[in-house]
Amino acid sequence: MRQRSMWSAVLVVGLALAGCGSASDSGKSSGGSDDKLVVWDWKSGEPFAKSYLDKAKADFKKKHANVTVEFVAQPFDQYYTLLGAAIQSGKGPDVMLFNGGGQIRDRVDALVPLDDYVAEDKQRLAGWEAFAKDGKTYAAPVTLQGYPIYYNKAVYQKANLDPASPATTWDKFVADCAAIAKAGSKCFALGNKEGVGIQFWLSSMGSTTLTAAEYDAWITGKRDWNSANVKRVFQLWKETGEKKMNSDGANSTAMFNDSFALFQSGKAAHVMGLMSDVGHWQDFNEFLTPEKLGVMKAPVVTAGTTPSLPYDGGIGYAVAKWTKDPKVAADLVRSLSSADALKAFYADAGAIAADTTIDVSQGGPAVSTIVSELKSGKPALHVALSSKTLDLMGRLSQQLLSGSITVDEVVKQLAASDQAG
C-alpha cells in the first residue's frame, strides 16, 4: 500500500504516518508579506498532490501574478501542536489546512470568516458545515470525508455467503461473521492503537442504532448520553471484542496502515474505511480488483432506522487573522478548491472531492456506490464532538475492548466532557 498521511476529518490525535517536511520548516517560513503567502499543511510534499497544487497555483496566478506562494509541509503528528504555537504567538502562515469538525471549530478565534469571499462557491462545493461555527464559515472544503463499510467479496464467497447481498440487520450480520470466522477470516479489520477506531464505529453504526430524532439532536448539540440507543452503540463495540469479531490485538494495531493491510490481505472481511486519500476505495483497488471490493450499508440495529452514509467536509483551507490582505489569501483558498484543482486531486489521490460534479464513473463500483449515497447522507456523529471529547472517547474505547470499564462509566465520562465544552 502506498504510504500516505491522511486528510480526514476524523483524526484528532497525532498519528506517526509517513509525513512530509519537519517541525523546523515552520521556523523558516512563519508568515507572508505583501507579495508572498505562506501555506501550512501536511500534504504538499506528497507526490500525488503535485498536480493538484500545480492547478491551484496556476488558477491563483491568473488573479495575482505578482504574489508568490510558499507551501510548507508539516508532519501531521505535530501539525496541530505547531499550529497552536503559531496561534498563541499571533504569527504564522497566511493560509492553513484543517480537518473539519473540532480541530477548526476550536480555533476560529484565529481565523477570518470567509463567507463574503466564497459566496460564489457555495453551490458548487459540499461539506461547508464541517468548517462552520455560529453561522460563520472559516474554511473552504477540498474533500468530503465519509466512513463507508467496505467488504471483501472474495472472503464472502469463501464463507459461502452471497457477496451481492450483505446483511441488512445486526443479527444476520453477526451470523454471517460466524460463517466468515469458520472460513478462516475475522469479521472486522480494526486498528485502535490511536483510539480512532471508535470514531469510525460511532459514525458508521449511528444511523442504524439511534432514531432519526436522536441523530438530529446529536448533531445540533442536544446529546442524550443516557439514551439506551447511545449506550447500545458502545455496547456493540464492546461485544465485537468479546465475540472476537475483530482482528487480533486491535488496541496495539495502528489503523494507518496496518488495519487496512489486514483487510486487503483477506484476513478480515470488513473494514470501516474512508473516502479520502488513504484507507479508501482507490487504495484497496491496488490489492483487490474493483469487482472484489464491496461497499455495504450499516446493518440495522434498532428497528425502524434507515442506514445512511456518514460524511462531512474532510479537509479545507482557512485564512489566518494576521494575514496582511485577507482577500488575497481568500483568493488562494478559492484556487485550492477550484474545479480544475479538485479534478486533479480526485484523479491522482482518489479522494472524493468537495466538488460533487466531478465524474467518478470510471472509478469502479465502490466509488460509484459511495457517491450515489451522498444525497441521502448525514453528518458524521463524531465530527460534532469537540477534540477533547474525541480524545477521551479514544482512550475509553481501548478500555472497553480490554474489558476494564463498563459502558455506563464510559457514557458518564463522555457526557461530562461533552457538557464541559
# chains A, B, ... in the order shown; residues from 1 in each chain; ligands from 1

call {"tool": "residues_around", "arguments": {"residues": "range 170-180 of chain A", "least_positions_apart": "2", "cutoff": "9 Å", "atoms": "only C-alpha atoms", "output": "CSV table (one decimal) with N, CA and C atoms, in the first residue's frame"}}
result
chain,number,residue,atom,x,y,z
A,155,VAL,N,-13.8,-13.0,0.3
A,155,VAL,CA,-13.9,-13.6,1.6
A,155,VAL,C,-15.4,-14.1,1.8
A,156,TYR,N,-16.3,-13.3,1.3
A,156,TYR,CA,-17.7,-13.7,1.4
A,156,TYR,C,-17.9,-15.1,0.7
A,158,LYS,N,-15.8,-17.3,0.0
A,158,LYS,CA,-15.1,-18.4,0.7
A,158,LYS,C,-15.9,-18.9,1.8
A,159,ALA,N,-16.7,-18.0,2.4
A,159,ALA,CA,-17.6,-18.4,3.6
A,159,ALA,C,-19.0,-18.8,3.1
A,160,ASN,N,-19.1,-19.0,1.8
A,160,ASN,CA,-20.4,-19.4,1.2
A,160,ASN,C,-21.5,-18.4,1.5
A,161,LEU,N,-21.2,-17.1,1.5
A,161,LEU,CA,-22.1,-16.1,1.6
A,161,LEU,C,-22.3,-15.4,0.3
A,166,PRO,N,-25.0,-8.4,1.2
A,166,PRO,CA,-24.6,-8.4,2.6
A,166,PRO,C,-25.7,-8.2,3.6
A,167,ALA,N,-25.5,-8.5,4.8
A,167,ALA,CA,-26.6,-8.5,5.8
A,167,ALA,C,-27.1,-7.1,6.0
A,168,THR,N,-28.4,-7.0,6.2
A,168,THR,CA,-29.1,-5.7,6.4
A,168,THR,C,-29.5,-5.5,7.9
A,182,LYS,N,-15.4,-19.2,10.5
A,182,LYS,CA,-15.2,-20.7,10.2
A,182,LYS,C,-14.4,-20.8,9.0
A,183,ALA,N,-14.5,-19.9,8.1
A,183,ALA,CA,-13.8,-19.9,6.8
A,183,ALA,C,-12.3,-19.4,7.0
A,184,GLY,N,-12.0,-18.9,8.2
A,184,GLY,CA,-10.6,-18.5,8.4
A,184,GLY,C,-10.3,-17.0,8.5
A,185,SER,N,-11.3,-16.2,8.5
A,185,SER,CA,-11.1,-14.7,8.5
A,185,SER,C,-11.8,-14.1,9.7
A,186,LYS,N,-11.4,-12.9,10.1
A,186,LYS,CA,-12.0,-12.2,11.1
A,186,LYS,C,-13.2,-11.4,10.4
A,187,CYS,N,-14.1,-10.9,11.2
A,187,CYS,CA,-15.2,-10.1,10.7
A,187,CYS,C,-14.7,-8.7,10.4
A,188,PHE,N,-14.0,-8.0,11.3
A,188,PHE,CA,-13.5,-6.6,11.1
A,188,PHE,C,-12.0,-6.6,11.2
A,245,MET,N,-14.7,-10.8,17.1
A,245,MET,CA,-15.1,-10.4,15.7
A,245,MET,C,-14.0,-9.5,15.1
A,268,ALA,N,-9.5,-10.2,7.1
A,268,ALA,CA,-10.7,-9.7,7.7
A,268,ALA,C,-11.7,-9.4,6.5
A,269,ALA,N,-12.9,-9.6,6.8
A,269,ALA,CA,-13.9,-9.4,5.7
A,269,ALA,C,-14.4,-8.0,5.5
A,298,ALA,N,-24.6,0.1,6.8
A,298,ALA,CA,-24.6,-0.4,8.1
A,298,ALA,C,-25.8,-1.3,8.4
A,299,PRO,N,-25.6,-2.5,9.1
A,299,PRO,CA,-26.8,-3.3,9.4
A,299,PRO,C,-27.7,-2.6,10.4
A,300,VAL,N,-29.0,-2.8,10.3
A,300,VAL,CA,-29.9,-2.2,11.2
A,300,VAL,C,-29.9,-2.8,12.6
A,301,VAL,N,-29.7,-2.0,13.6
A,301,VAL,CA,-29.7,-2.5,15.0
A,301,VAL,C,-31.0,-2.2,15.7
A,302,THR,N,-31.5,-0.9,15.5
A,302,THR,CA,-32.8,-0.5,16.1
A,302,THR,C,-33.8,-0.5,15.0

call {"tool": "closest_atom_pairs", "arguments": {"of": "range 60-139 of chain A", "to": "range 374-381 of chain A", "cutoff": "10 Å", "atoms": "only C-alpha atoms", "output": "Markdown table"}}
result
| residue | atom | partner | partner_atom | distance |
| --- | --- | --- | --- | --- |
| A:Gly101 | CA | A:Ala380 | CA | 9.6 |
| A:Ala126 | CA | A:Leu374 | CA | 9.9 |
| A:Gly127 | CA | A:Pro379 | CA | 9.1 |
| A:Glu129 | CA | A:Pro379 | CA | 8.7 |
| A:Ala130 | CA | A:Pro379 | CA | 8.4 |

call {"tool": "residues_around", "arguments": {"residues": "range 403-406 of chain A", "least_positions_apart": "3", "cutoff": "9 Å", "atoms": "only C-alpha atoms", "output": "list in words"}}
result
Gln235, Lys238, Gly241, Glu242, Leu396, Gln398, Gln399, Leu400, Glu409, Val410 and Val411 of chain A

call {"tool": "select_by_dssp", "arguments": {"residues": "range 119-184 of chain A", "states": "strand (DSSP E or B)", "output": "list in words"}}
result
Leu125, Ala132, Lys133, Lys136, Thr137, Ala139, Ala140, Pro141, Thr143, Leu144, Gln145, Gly146, Ile149, Tyr150, Tyr151, Asn152 and Thr169 of chain A

call {"tool": "residues_around", "arguments": {"residues": "Glu194 in chain A", "least_positions_apart": "2", "cutoff": "7 Å", "atoms": "only C-alpha atoms", "output": "CSV table (one decimal) with N, CA, C and O atoms, in the first residue's frame"}}
result
chain,number,residue,atom,x,y,z
A,192,ASN,N,-7.0,0.2,16.6
A,192,ASN,CA,-7.4,1.2,17.6
A,192,ASN,C,-6.3,1.6,18.5
A,192,ASN,O,-6.5,2.0,19.6
A,196,VAL,N,-8.7,5.7,17.5
A,196,VAL,CA,-9.5,6.3,16.4
A,196,VAL,C,-10.7,5.4,15.9
A,196,VAL,O,-11.7,5.9,15.4
A,254,ALA,N,-2.0,-0.2,14.6
A,254,ALA,CA,-2.3,1.1,14.0
A,254,ALA,C,-3.3,1.0,12.9
A,254,ALA,O,-3.3,0.1,12.1

call {"tool": "select_by_dssp", "arguments": {"residues": "range 239-396 of chain A", "states": "alpha helix (DSSP H)", "output": "PyMOL selection string"}}
result
chain A and resi 239-242+260-264+281-284+326-336+339-349+365-372+387-396

call {"tool": "closest_residue", "arguments": {"among": "A:Ser308, A:Leu125, A:Ser402, A:Tyr117", "to": "Tyr215 in chain A", "atoms": "only C-alpha atoms"}}
result
A:Ser308

call {"tool": "residues_around", "arguments": {"residues": "Trp237 in chain A", "least_positions_apart": "6", "cutoff": "8 Å", "atoms": "only C-alpha atoms", "output": "PyMOL selection string"}}
result
chain A and resi 198+201+400-401

call {"tool": "write_last_selection", "arguments": {"atoms": "N, CA, C and O atoms", "output": "compact mmCIF listing (two decimals), in the first residue's frame"}}
result
# COMPACT_ATOMS: atom_id res chain seq x y z
N ILE A 198 -13.01 3.91 17.31
CA ILE A 198 -14.33 4.18 17.88
C ILE A 198 -15.03 5.32 17.15
O ILE A 198 -16.26 5.35 17.07
N TRP A 201 -16.57 3.79 14.19
CA TRP A 201 -17.66 2.92 14.64
C TRP A 201 -18.90 3.73 14.98
O TRP A 201 -20.01 3.42 14.56
N LEU A 400 -12.79 -0.29 26.84
CA LEU A 400 -13.95 -1.13 26.55
C LEU A 400 -13.53 -2.44 25.87
O LEU A 400 -14.03 -3.51 26.21
N LEU A 401 -12.63 -2.33 24.91
CA LEU A 401 -12.18 -3.54 24.22
C LEU A 401 -11.42 -4.48 25.15
O LEU A 401 -11.50 -5.70 25.01

call {"tool": "residues_around", "arguments": {"residues": "range 57-67 of chain A", "least_positions_apart": "3", "cutoff": "10 Å", "atoms": "only C-alpha atoms", "output": "count of residues only"}}
result
22

call {"tool": "residues_around", "arguments": {"residues": "Met296 in chain A", "least_positions_apart": "4", "cutoff": "8 Å", "atoms": "only C-alpha atoms", "output": "list of chain:residue names"}}
result
A:Pro148, A:Ile149, A:Tyr150, A:Tyr151, A:Pro166

call {"tool": "atom_distance", "arguments": {"atom1": "CA of Val371 in chain A", "atom2": "CA of Gly304 in chain A"}}
result
24.3 Å
